[in-house]
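Structure file model32.pdb (PDB, C-alpha atoms, pLDDT in the B column) is printed below.
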```pdb
ATOM      1  CA  MET A   1      -6.848 -24.189 -16.519  1.00 56.00           C
ATOM      2  CA  PHE A   2      -5.420 -21.666 -14.062  1.00 70.00           C
ATOM      3  CA  SER A   3      -7.749 -18.703 -13.764  1.00 83.00           C
ATOM      4  CA  VAL A   4      -7.501 -15.874 -11.314  1.00 82.00           C
ATOM      5  CA  ASN A   5     -10.252 -13.421 -10.540  1.00 89.00           C
ATOM      6  CA  PRO A   6      -9.174  -9.929 -11.725  1.00 89.00           C
ATOM      7  CA  ILE A   7      -9.575  -8.480  -8.223  1.00 93.00           C
ATOM      8  CA  GLU A   8      -7.073 -11.044  -6.956  1.00 94.00           C
ATOM      9  CA  TRP A   9      -4.493  -9.504  -9.291  1.00 93.00           C
ATOM     10  CA  VAL A  10      -5.011  -6.226  -7.414  1.00 95.00           C
ATOM     11  CA  GLY A  11      -4.205  -8.042  -4.174  1.00 95.00           C
ATOM     12  CA  TYR A  12      -1.109  -9.651  -5.713  1.00 95.00           C
ATOM     13  CA  LEU A  13       0.078  -6.298  -7.084  1.00 96.00           C
ATOM     14  CA  ALA A  14      -0.482  -4.669  -3.692  1.00 97.00           C
ATOM     15  CA  SER A  15       1.564  -7.410  -2.017  1.00 97.00           C
ATOM     16  CA  ILE A  16       4.372  -7.062  -4.540  1.00 97.00           C
ATOM     17  CA  LEU A  17       4.523  -3.286  -4.038  1.00 97.00           C
ATOM     18  CA  ILE A  18       4.642  -3.686  -0.254  1.00 97.00           C
ATOM     19  CA  VAL A  19       7.528  -6.144  -0.562  1.00 97.00           C
ATOM     20  CA  ILE A  20       9.360  -3.912  -3.056  1.00 97.00           C
ATOM     21  CA  SER A  21       8.928  -0.918  -0.745  1.00 96.00           C
ATOM     22  CA  LEU A  22      10.779  -2.772   1.989  1.00 95.00           C
ATOM     23  CA  THR A  23      13.840  -3.094  -0.238  1.00 96.00           C
ATOM     24  CA  MET A  24      14.194   0.677  -0.691  1.00 95.00           C
ATOM     25  CA  THR A  25      17.160   2.408   0.872  1.00 96.00           C
ATOM     26  CA  SER A  26      15.468   5.816   0.589  1.00 94.00           C
ATOM     27  CA  ILE A  27      12.834   6.260   3.282  1.00 94.00           C
ATOM     28  CA  VAL A  28      10.827   8.609   1.025  1.00 94.00           C
ATOM     29  CA  LYS A  29      10.725   6.047  -1.798  1.00 96.00           C
ATOM     30  CA  LEU A  30       9.822   3.358   0.719  1.00 97.00           C
ATOM     31  CA  ARG A  31       6.888   5.367   2.033  1.00 97.00           C
ATOM     32  CA  ILE A  32       5.641   6.365  -1.437  1.00 97.00           C
ATOM     33  CA  ILE A  33       5.712   2.833  -2.848  1.00 97.00           C
ATOM     34  CA  ASN A  34       4.273   1.460   0.387  1.00 98.00           C
ATOM     35  CA  THR A  35       1.449   4.006   0.196  1.00 98.00           C
ATOM     36  CA  ILE A  36       0.584   2.923  -3.355  1.00 98.00           C
ATOM     37  CA  GLY A  37       0.533  -0.708  -2.216  1.00 98.00           C
ATOM     38  CA  CYS A  38      -1.672   0.232   0.725  1.00 98.00           C
ATOM     39  CA  LEU A  39      -4.067   2.112  -1.554  1.00 98.00           C
ATOM     40  CA  LEU A  40      -4.425  -1.023  -3.648  1.00 98.00           C
ATOM     41  CA  PHE A  41      -5.019  -3.061  -0.486  1.00 97.00           C
ATOM     42  CA  VAL A  42      -7.736  -0.624   0.629  1.00 98.00           C
ATOM     43  CA  PHE A  43      -9.427  -1.026  -2.760  1.00 97.00           C
ATOM     44  CA  TYR A  44      -8.983  -4.803  -2.626  1.00 97.00           C
ATOM     45  CA  GLY A  45     -10.237  -5.047   0.952  1.00 97.00           C
ATOM     46  CA  MET A  46     -13.370  -3.041   0.176  1.00 97.00           C
ATOM     47  CA  ILE A  47     -14.191  -5.103  -2.921  1.00 96.00           C
ATOM     48  CA  VAL A  48     -13.772  -8.494  -1.192  1.00 96.00           C
ATOM     49  CA  LYS A  49     -15.394  -7.175   2.002  1.00 97.00           C
ATOM     50  CA  ALA A  50     -12.223  -7.727   4.042  1.00 96.00           C
ATOM     51  CA  TYR A  51     -12.761  -4.582   6.053  1.00 97.00           C
ATOM     52  CA  PRO A  52      -9.936  -5.157   8.573  1.00 97.00           C
ATOM     53  CA  VAL A  53      -7.505  -5.231   5.626  1.00 97.00           C
ATOM     54  CA  ALA A  54      -8.946  -1.988   4.264  1.00 97.00           C
ATOM     55  CA  ILE A  55      -8.959  -0.237   7.653  1.00 98.00           C
ATOM     56  CA  ALA A  56      -5.412  -1.262   8.588  1.00 98.00           C
ATOM     57  CA  ASN A  57      -4.029  -0.167   5.228  1.00 98.00           C
ATOM     58  CA  ALA A  58      -5.938   3.119   5.357  1.00 98.00           C
ATOM     59  CA  ALA A  59      -4.282   3.779   8.728  1.00 98.00           C
ATOM     60  CA  ILE A  60      -0.863   2.946   7.239  1.00 98.00           C
ATOM     61  CA  ILE A  61      -1.545   5.392   4.397  1.00 98.00           C
ATOM     62  CA  LEU A  62      -2.206   8.168   6.920  1.00 98.00           C
ATOM     63  CA  ILE A  63       0.965   7.284   8.824  1.00 98.00           C
ATOM     64  CA  ASN A  64       3.018   7.271   5.607  1.00 97.00           C
ATOM     65  CA  LEU A  65       1.590  10.613   4.506  1.00 97.00           C
ATOM     66  CA  TYR A  66       2.348  12.139   7.902  1.00 97.00           C
ATOM     67  CA  TYR A  67       5.987  11.034   7.778  1.00 96.00           C
ATOM     68  CA  ILE A  68       6.388  12.066   4.133  1.00 96.00           C
ATOM     69  CA  TYR A  69       5.101  15.499   5.142  1.00 96.00           C
ATOM     70  CA  LYS A  70       7.533  15.655   8.092  1.00 95.00           C
ATOM     71  CA  LEU A  71      10.459  14.598   5.906  1.00 93.00           C
ATOM     72  CA  ASN A  72       9.661  17.199   3.255  1.00 91.00           C
ATOM     73  CA  LYS A  73       9.093  19.916   5.876  1.00 90.00           C
ATOM     74  CA  SER A  74      12.503  19.306   7.464  1.00 84.00           C
ATOM     75  CA  LYS A  75      14.380  19.758   4.156  1.00 72.00           C
TER      76      LYS A  75
END
```
Any chance you could put this one into structure tokens?
Amino acid sequence: MFSVNPIEWVGYLASILIVISLTMTSIVKLRIINTIGCLLFVFYGMIVKAYPVAIANAAIILINLYYIYKLNKSK
């Protein structure tokens, strides 16, 4: 039967959140949902020892947080 390792579900959820974030019209919502997806990808990447995935998504998290901070500061 079709069985998926539980950690793979984390990767699928992360992918879904990244895709959903790209449909947002609000840049703040986009960055928040994208950050959550990236956090899941960091977790996933560390567990499956895909360190480039974890490192790239950690960098994206920092970029998202920086721009969320800038957006909130300008309001």
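Between CA of Ile63 (chain A) and CA of Tyr12 (chain A) the separation is 22.4 Å.
For the set A:Ile68, A:Val28, A:Ile55, A:Leu13, the residue with the smallest atom-to-atom gap to Val42 (chain A) is A:Ile55, counting all atoms listed in the file.
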TODO: Could you give me, as an MDAnalysis selection string, the residues within 10 Å of Gly11 (chain A), counting only C-alpha atoms and dropping anything in the same chain fewer than 5 positions from it?
DONE: chainID A and resid 6 16:17 37:38 40:45
TODO: May I have the residues within 10 Å of Thr35 (chain A) as number ranges by chain, using all atoms listed in the file and disregarding those fewer than 5 positions away in the same chain?
DONE: A: 14, 17-18, 21, 29-30, 40-41, 57-58, 60-65
Limited to C-alpha atoms, could you put the picked residues into a file as a PDB file, in the frame of the given file?
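Produced file out_4.pdb, reproduced below:
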```
ATOM      1  CA  ALA A  14      -0.482  -4.669  -3.692  1.00 97.00           C
ATOM      2  CA  LEU A  17       4.523  -3.286  -4.038  1.00 97.00           C
ATOM      3  CA  ILE A  18       4.642  -3.686  -0.254  1.00 97.00           C
ATOM      4  CA  SER A  21       8.928  -0.918  -0.745  1.00 96.00           C
ATOM      5  CA  LYS A  29      10.725   6.047  -1.798  1.00 96.00           C
ATOM      6  CA  LEU A  30       9.822   3.358   0.719  1.00 97.00           C
ATOM      7  CA  LEU A  40      -4.425  -1.023  -3.648  1.00 98.00           C
ATOM      8  CA  PHE A  41      -5.019  -3.061  -0.486  1.00 97.00           C
ATOM      9  CA  ASN A  57      -4.029  -0.167   5.228  1.00 98.00           C
ATOM     10  CA  ALA A  58      -5.938   3.119   5.357  1.00 98.00           C
ATOM     11  CA  ILE A  60      -0.863   2.946   7.239  1.00 98.00           C
ATOM     12  CA  ILE A  61      -1.545   5.392   4.397  1.00 98.00           C
ATOM     13  CA  LEU A  62      -2.206   8.168   6.920  1.00 98.00           C
ATOM     14  CA  ILE A  63       0.965   7.284   8.824  1.00 98.00           C
ATOM     15  CA  ASN A  64       3.018   7.271   5.607  1.00 97.00           C
ATOM     16  CA  LEU A  65       1.590  10.613   4.506  1.00 97.00           C
TER      17      LEU A  65
END
```
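Closest approach to Ala56 (chain A) among A:Leu39, A:Met24, A:Val4, A:Lys70: A:Leu39, based on only C-alpha atoms.
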TODO: Quote the spacing between CA of Leu22 (chain A) and CA of Val10 (chain A) in Å to one decimal place.
DONE: 18.7 Å
Task: Gap from CA of Phe2 (chain A) to CA of Val48 (chain A) - Å, one decimal - done: 20.2 Å
